[in-house]
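Here the structure is laid out as structure tokens; the discussion comes afterwards.
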There are 4 protein chains.
Amino acid sequence: MPKERETARIEAFSDGVFAIAMTLLVIDIKVPGHELVAANGLARSLVALWPSYLAYLTSFVTILVIWVHHHLIFTLVRRIDQPFLYWNGLLLLFVAFVPFPTALLAQFLLHPEAKVVAHLYTGTFLAISLAFDGLWRHALIRLLPKNATIAKNEEAAQITKQYRYGPPLYFVVFGVSFVSEAWSVALCLLLALFFALQGWPVRR
Amino acid sequence: MPKERETARIEAFSDGVFAIAMTLLVIDIKVPGHELVAANGLARSLVALWPSYLAYLTSFVTILVIWVHHHLIFTLVRRIDQPFLYWNGLLLLFVAFVPFPTALLAQFLLHPEAKVVAHLYTGTFLAISLAFDGLWRHALIRLLPKNATIAKNEEAAQITKQYRYGPPLYFVVFGVSFVSEAWSVALCLLLALFFALQGWPVRR
Amino acid sequence: MPKERETARIEAFSDGVFAIAMTLLVIDIKVPGHELVAANGLARSLVALWPSYLAYLTSFVTILVIWVHHHLIFTLVRRIDQPFLYWNGLLLLFVAFVPFPTALLAQFLLHPEAKVVAHLYTGTFLAISLAFDGLWRHALIRLLPKNATIAKNEEAAQITKQYRYGPPLYFVVFGVSFVSEAWSVALCLLLALFFALQGWPVRR
Amino acid sequence: MPKERETARIEAFSDGVFAIAMTLLVIDIKVPGHELVAANGLARSLVALWPSYLAYLTSFVTILVIWVHHHLIFTLVRRIDQPFLYWNGLLLLFVAFVPFPTALLAQFLLHPEAKVVAHLYTGTFLAISLAFDGLWRHALIRLLPKNATIAKNEEAAQITKQYRYGPPLYFVVFGVSFVSEAWSVALCLLLALFFALQGWPVRR
């Protein structure tokens with residue numbers, strides 16, 4: 001029973017970090033200054049913020065999908081140990097960092113050196129996918145109950161199959177950021193949607 | 001029992017986003033600069049911030065009312081599925097966006113092009129009402145227990161009746177923003193109060 | 001049992017707003033600009049921020065004490081109704097507003113017109129104490145269980161006795177802000193400490 | 001049973017403050033201005049932000065480790081009293097303050113007067129370690145169940161042994177900040193990693 005409470009608290013704490021990181025993203029959409037609006041008009045100034053909207057959408061959806069999968073893992077894991085706590089901490093370190101590359105993307109997507117920003121943006125998501133992979137592998141080997149039902153085991157196998165693609169796919173996206181910043185960001189959004197729609201093992 | 005836990009976690013996560021979005025609104029009330037205060041005096045500079053106070057009040061009350069109704073839905077829904085999770089995510093995407101149009105309103109309510117801002121502000125609330133409608137419809141069709149008590153079913157019917165008015169009313173307010181930015185914002189505040197006072201089906 | 005869950009969720013949501021409002025206060029302590037530091041040195045620039053530290057301390061302690069008392073009320077209240085939800089919402093509206101007058105105080109405590117800021121600062125706490133009073137009165141009349149134990153009833157009576165002093169005391173502090181901004185802020189801090197140490201009815 | 005609920009709520013509230021303080025740290029990594037980027041290029045401007053990344057990493061890991069240990073204490077404490085609530089409040093006051101010295105460090109690590117900033121940064125962590133020590137001592141003397149199992153008592157003794165080193169070590173780091181700002185910050189990061197890896201008494 002104390003074990004149960006431990007899982008609950010680590011979930012609540014992680015949810016706090018996920019929710020705050022997602023909600024802080026909106027701060028990076030900067031209200032246009034009065035001089036800019038005087039020069040270009042308000043409507044055009046707001047349209048010119050489209051890289052900010054795109055960055056908000058992409059980062060929000062990505063963190064949301066990570067949260068959903070984080071949530072899935074915790075429906076299987078019933079106890080925690082210290083390495084799990086620190087894998088989770090590493091994941092949160094990268095998730096809480098997301099608002100910074102998002103703000104950079106919003107400011108510099110149309111800049112000649114935008115590729116640098118795209119490296120940092122896609123690199124952050126690559127780091128998240130690696131930390132997530134580490135978290136899941138550790139849970140799988142050490143923390144899943146030995147006497148799990150067949151249904152639970154199948155679910156775990158299914159999750160393993162799905163998550164296998166995370167790091168290599170984000171590695172490809174990171175590589176694409178060396179070719180085209182626009183494509184790498186578009187792929188980030190597509191990947192988030194892909195993982196969102198990829199299915200919910202519990203129900204199958 | 002795992003199902004119960006799932007509902008609890010999605011509620012806690014959503015509450016986090018609601019609470020943060022509401023509390024971040026205060027950041028958009030900008031402390032007046034020292035030059036402005038030197039020119040106009042502190043008292044007058046603070047009075048001149050009234051669009052910020054109005055925007056804070058309207059957005060805070062609106063998100064609070066959405067939270068109350070979100071809460072009502074979760075007293076009926078006992079299990080979740082993947083589409084529900086993503087309807088909820090869409091709702092949170094729009095709710096977490098609210099601080100941006102609120103900041104715009106605070107800055108540009110008295111600007112000649114204020115109608116543009118009013119479109120975005122009322123449009124965000126229209127989007128929220130549509131996402132909310134989708135969430136409730138999905139819950140109603142797929143997630144309410146088949147063997148619900150008559151009391152529960154009546155409650156659900158009452159909620160459906162109430163929520164029916166949400167999207168059309170916000171569509172009207174969005175339309176009004178093309179005629180008068182002042183009226184459209186006033187209507188947003190009135191609508192929030194109307195939905196607040198409209199009754200609490202559980203108690204009837 | 002669903003009633004129990006309702007209380008839990010409103011507590012969690014309120015806690016979110018309290019925690020965020022308290023943690024956002026630190027944003028109002030502005031890092032001194034590089035020009036200012038070049039002119040005055042870093043050490044002196046940091047010492048000159050003392051109004052910011054004082055404002056942070058006073059607002060943090062006040063919100064913490066409100067949270068502790070909010071918490072006490074919820075150990076007695078077992079069910080909620082719609083007016084309770086909106087009294088609570090009003091309380092949160094004022095609590096979430098606190099970072100703004102705190103930022104003003106940090107910026108303008110030494111300004112010739114600082115009294116204006118002190119009115120707003122103490123006025124916000126007066127508004128909080130009134131909303132808190134309304135919340136407790138409503139709970140007392142409508143929501144406390146009729147069949148409460150004698151211990152619970154005594155506790156409720158004790159809370160009533162304590163809270164009786166809240167609004168009049170904050171009204172006095174608001175009045176003092178017309179005489180001296182420094183004294184009114186000092187009294188806010190003293191009041192928070194007074195309510196903190198005033199005792200914890202549950203233990204007596 | 002109400003006692004159990006009290007612990008739960010104070011945990012949830014504290015978790016909120018921890019999670020928000022950690023996530024707010026990212027706001028202190030400032031997106032470089034367009035003029036700076038025009039002068040130095042984007043890549044070099046981002047590399048020049050390394051003090052911000054270091055400050056983010058050090059503060060994030062430190063707060064995470066404090067959270068883990070806070071969590072450990074609450075697996076032993078089953079009831080709370082008023083002094084415990086205020087020791088916890090003092091701890092949160094310092095934890096919520098961390099983003100300010102972190103922002104200072106990010107801005108002024110390479111400034112000639114950086115030692116001043118290092119005093120404030122390491123001093124904040126010293127204050128946290130003292131508040132934590134007070135919290136644990138109070139819990140140990142007053143709140144641990146008298147009829148605890150031998151396992152629980154051993155765990156408590158082990159925690160006491162570990163925490164004994166906290167304040168003296170942070171006092172040393174504070175002293176080092178008078179000699180070298182770079183070493184004092186590096187030691188903060190090392191100390192956080194040391195406390196992270198130092199073991200998890202429950203499992204031993």
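Chain labels A, B, ... are given in the sequence in which chains occur in the structure tokens; within each chain residues are numbered consecutively from 1, and ligands are likewise numbered from 1 in the order shown.
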| request: Using only C-alpha atoms, find the residues of chain B whose closest atom to chain A is at most 6 Å away, then write them as a ChimeraX atom specification. | output: /B:13,16-17,96-97
Saved selection, atoms kept: C-alpha atoms, as an mmCIF file, in the first residue's frame:
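Heads up, here's the output in out_25.cif:
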data_model
loop_
_atom_site.group_PDB
_atom_site.id
_atom_site.type_symbol
_atom_site.label_atom_id
_atom_site.label_comp_id
_atom_site.auth_asym_id
_atom_site.auth_seq_id
_atom_site.Cartn_x
_atom_site.Cartn_y
_atom_site.Cartn_z
ATOM 1 C CA PHE B 13 -3.776 16.667 -15.406
ATOM 2 C CA GLY B 16 -3.358 21.458 -13.731
ATOM 3 C CA VAL B 17 -3.745 22.992 -17.193
ATOM 4 C CA ALA B 96 -3.970 26.913 -22.655
ATOM 5 C CA PHE B 97 -4.009 29.342 -25.620
#
Worksheet item: Got a sec: who's within 10 Å of Ala127 of chain D, counting only C-alpha atoms, leaving out chain neighbours fewer than 2 positions off, as an MDAnalysis selection string?
Response: chainID D and resid 90:91 93:95 122:125 129:133 167 170:171
For all heavy atoms, I'd like the residues from the last selection saved as a CSV table (one decimal), in the first residue's frame.
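The new file selection_25.csv reads:
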chain,number,residue,atom,x,y,z
D,90,LEU,N,8.3,27.1,5.1
D,90,LEU,CA,9.6,27.8,5.0
D,90,LEU,C,10.4,27.1,3.9
D,90,LEU,O,11.1,27.8,3.1
D,90,LEU,CB,10.3,27.7,6.4
D,90,LEU,CG,11.6,28.5,6.5
D,90,LEU,CD1,11.2,30.0,6.6
D,90,LEU,CD2,12.4,28.1,7.8
D,91,LEU,N,10.4,25.8,3.9
D,91,LEU,CA,11.1,25.1,2.8
D,91,LEU,C,10.6,25.6,1.4
D,91,LEU,O,11.4,25.9,0.5
D,91,LEU,CB,10.9,23.6,3.0
D,91,LEU,CG,11.6,22.7,1.9
D,91,LEU,CD1,13.1,22.8,2.0
D,91,LEU,CD2,11.1,21.3,2.1
D,93,LEU,N,9.1,28.3,0.7
D,93,LEU,CA,9.5,29.7,0.5
D,93,LEU,C,10.9,29.8,-0.2
D,93,LEU,O,11.1,30.6,-1.2
D,93,LEU,CB,9.5,30.5,1.8
D,93,LEU,CG,9.9,32.0,1.8
D,93,LEU,CD1,8.8,32.8,1.3
D,93,LEU,CD2,10.4,32.4,3.2
D,94,PHE,N,11.8,29.0,0.3
D,94,PHE,CA,13.2,29.0,-0.3
D,94,PHE,C,13.2,28.3,-1.7
D,94,PHE,O,13.9,28.8,-2.6
D,94,PHE,CB,14.2,28.4,0.6
D,94,PHE,CG,14.4,29.2,1.9
D,94,PHE,CD1,14.4,28.5,3.1
D,94,PHE,CD2,14.5,30.6,1.9
D,94,PHE,CE1,14.6,29.2,4.3
D,94,PHE,CE2,14.7,31.3,3.1
D,94,PHE,CZ,14.7,30.6,4.3
D,95,VAL,N,12.5,27.2,-1.8
D,95,VAL,CA,12.5,26.5,-3.1
D,95,VAL,C,11.8,27.4,-4.2
D,95,VAL,O,12.4,27.5,-5.3
D,95,VAL,CB,11.7,25.2,-3.0
D,95,VAL,CG1,11.4,24.6,-4.3
D,95,VAL,CG2,12.5,24.2,-2.1
D,122,THR,N,24.4,29.9,-3.7
D,122,THR,CA,24.7,28.9,-2.7
D,122,THR,C,24.0,29.1,-1.4
D,122,THR,O,23.7,28.2,-0.7
D,122,THR,CB,26.3,28.8,-2.5
D,122,THR,OG1,26.7,30.1,-2.1
D,122,THR,CG2,27.0,28.4,-3.8
D,123,GLY,N,23.8,30.4,-1.1
D,123,GLY,CA,23.1,30.8,0.2
D,123,GLY,C,21.7,30.3,0.2
D,123,GLY,O,21.2,29.8,1.2
D,124,THR,N,21.1,30.4,-1.0
D,124,THR,CA,19.7,29.9,-1.1
D,124,THR,C,19.6,28.4,-0.9
D,124,THR,O,18.8,27.9,-0.1
D,124,THR,CB,19.1,30.2,-2.5
D,124,THR,OG1,19.2,31.6,-2.7
D,124,THR,CG2,17.7,29.8,-2.6
D,125,PHE,N,20.6,27.6,-1.4
D,125,PHE,CA,20.6,26.2,-1.2
D,125,PHE,C,21.0,25.9,0.3
D,125,PHE,O,20.5,24.9,0.8
D,125,PHE,CB,21.6,25.5,-2.2
D,125,PHE,CG,21.1,25.5,-3.6
D,125,PHE,CD1,22.0,25.6,-4.7
D,125,PHE,CD2,19.8,25.4,-3.9
D,125,PHE,CE1,21.6,25.6,-6.0
D,125,PHE,CE2,19.3,25.4,-5.2
D,125,PHE,CZ,20.2,25.5,-6.2
D,129,SER,N,18.7,23.7,2.8
D,129,SER,CA,19.1,22.5,3.5
D,129,SER,C,18.8,22.7,5.0
D,129,SER,O,18.5,21.7,5.7
D,129,SER,CB,20.6,22.3,3.3
D,129,SER,OG,21.4,23.2,4.0
D,130,LEU,N,18.9,23.9,5.5
D,130,LEU,CA,18.6,24.2,6.9
D,130,LEU,C,17.1,24.0,7.2
D,130,LEU,O,16.7,23.4,8.2
D,130,LEU,CB,19.0,25.6,7.3
D,130,LEU,CG,20.5,25.8,7.4
D,130,LEU,CD1,20.9,27.2,7.6
D,130,LEU,CD2,21.1,24.9,8.6
D,131,ALA,N,16.2,24.5,6.3
D,131,ALA,CA,14.8,24.3,6.4
D,131,ALA,C,14.4,22.8,6.4
D,131,ALA,O,13.6,22.3,7.1
D,131,ALA,CB,14.0,25.1,5.4
D,132,PHE,N,15.1,22.1,5.5
D,132,PHE,CA,14.9,20.7,5.3
D,132,PHE,C,15.2,19.9,6.6
D,132,PHE,O,14.5,19.0,7.1
D,132,PHE,CB,15.7,20.1,4.1
D,132,PHE,CG,15.1,18.9,3.6
D,132,PHE,CD1,14.2,18.9,2.6
D,132,PHE,CD2,15.5,17.7,4.1
D,132,PHE,CE1,13.7,17.7,2.1
D,132,PHE,CE2,14.9,16.5,3.6
D,132,PHE,CZ,14.0,16.5,2.6
D,133,ASP,N,16.4,20.3,7.2
D,133,ASP,CA,16.8,19.7,8.4
D,133,ASP,C,15.8,20.0,9.5
D,133,ASP,O,15.5,19.0,10.3
D,133,ASP,CB,18.2,20.4,8.8
D,133,ASP,CG,19.0,19.5,9.7
D,133,ASP,OD1,19.3,18.4,9.4
D,133,ASP,OD2,19.3,20.0,10.8
D,167,PRO,N,23.3,20.3,5.7
D,167,PRO,CA,23.7,21.7,6.1
D,167,PRO,C,25.2,21.9,6.1
D,167,PRO,O,25.7,22.9,5.5
D,167,PRO,CB,23.1,21.9,7.4
D,167,PRO,CG,21.9,20.9,7.4
D,167,PRO,CD,22.4,19.7,6.7
D,170,TYR,N,26.5,22.2,2.5
D,170,TYR,CA,26.1,23.4,1.8
D,170,TYR,C,26.8,24.6,2.5
D,170,TYR,O,27.0,25.7,1.8
D,170,TYR,CB,24.6,23.5,1.8
D,170,TYR,CG,24.0,22.8,0.6
D,170,TYR,CD1,23.4,21.6,0.8
D,170,TYR,CD2,24.2,23.2,-0.7
D,170,TYR,CE1,22.9,20.8,-0.3
D,170,TYR,CE2,23.7,22.5,-1.8
D,170,TYR,CZ,23.1,21.3,-1.6
D,170,TYR,OH,22.6,20.6,-2.7
D,171,PHE,N,27.1,24.5,3.7
D,171,PHE,CA,27.8,25.6,4.4
D,171,PHE,C,29.2,25.8,3.7
D,171,PHE,O,29.7,26.9,3.5
D,171,PHE,CB,27.9,25.4,5.9
D,171,PHE,CG,28.3,26.6,6.6
D,171,PHE,CD1,27.3,27.6,6.9
D,171,PHE,CD2,29.6,26.9,7.0
D,171,PHE,CE1,27.6,28.7,7.6
D,171,PHE,CE2,29.9,28.0,7.7
D,171,PHE,CZ,28.9,29.0,8.0
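Note that the spacing between atom CA of Val77 of chain D and atom CA of Ile10 of chain A amounts to 17.1 Å.
Between Ser45 of chain C and the candidates D:Leu193, D:Leu85, D:Val176, D:Leu104, the tightest atom-to-atom separation, counting only C-alpha atoms, involves D:Leu104.
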Expressed in Å, the length from atom CA of Trp136 of chain B to atom CA of Ile73 of chain B is 7.3 Å
Here atom CA of Gly166 of chain B and atom CA of Ile63 of chain A stand apart by 28.7 Å
Name all residues at most 7 Å from Ala55 of chain D (count only C-alpha atoms; drop same-chain ones fewer than 5 positions away) and give them as a list in words.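 Those residues are Thr102, Leu105 and Ala106 of chain D.
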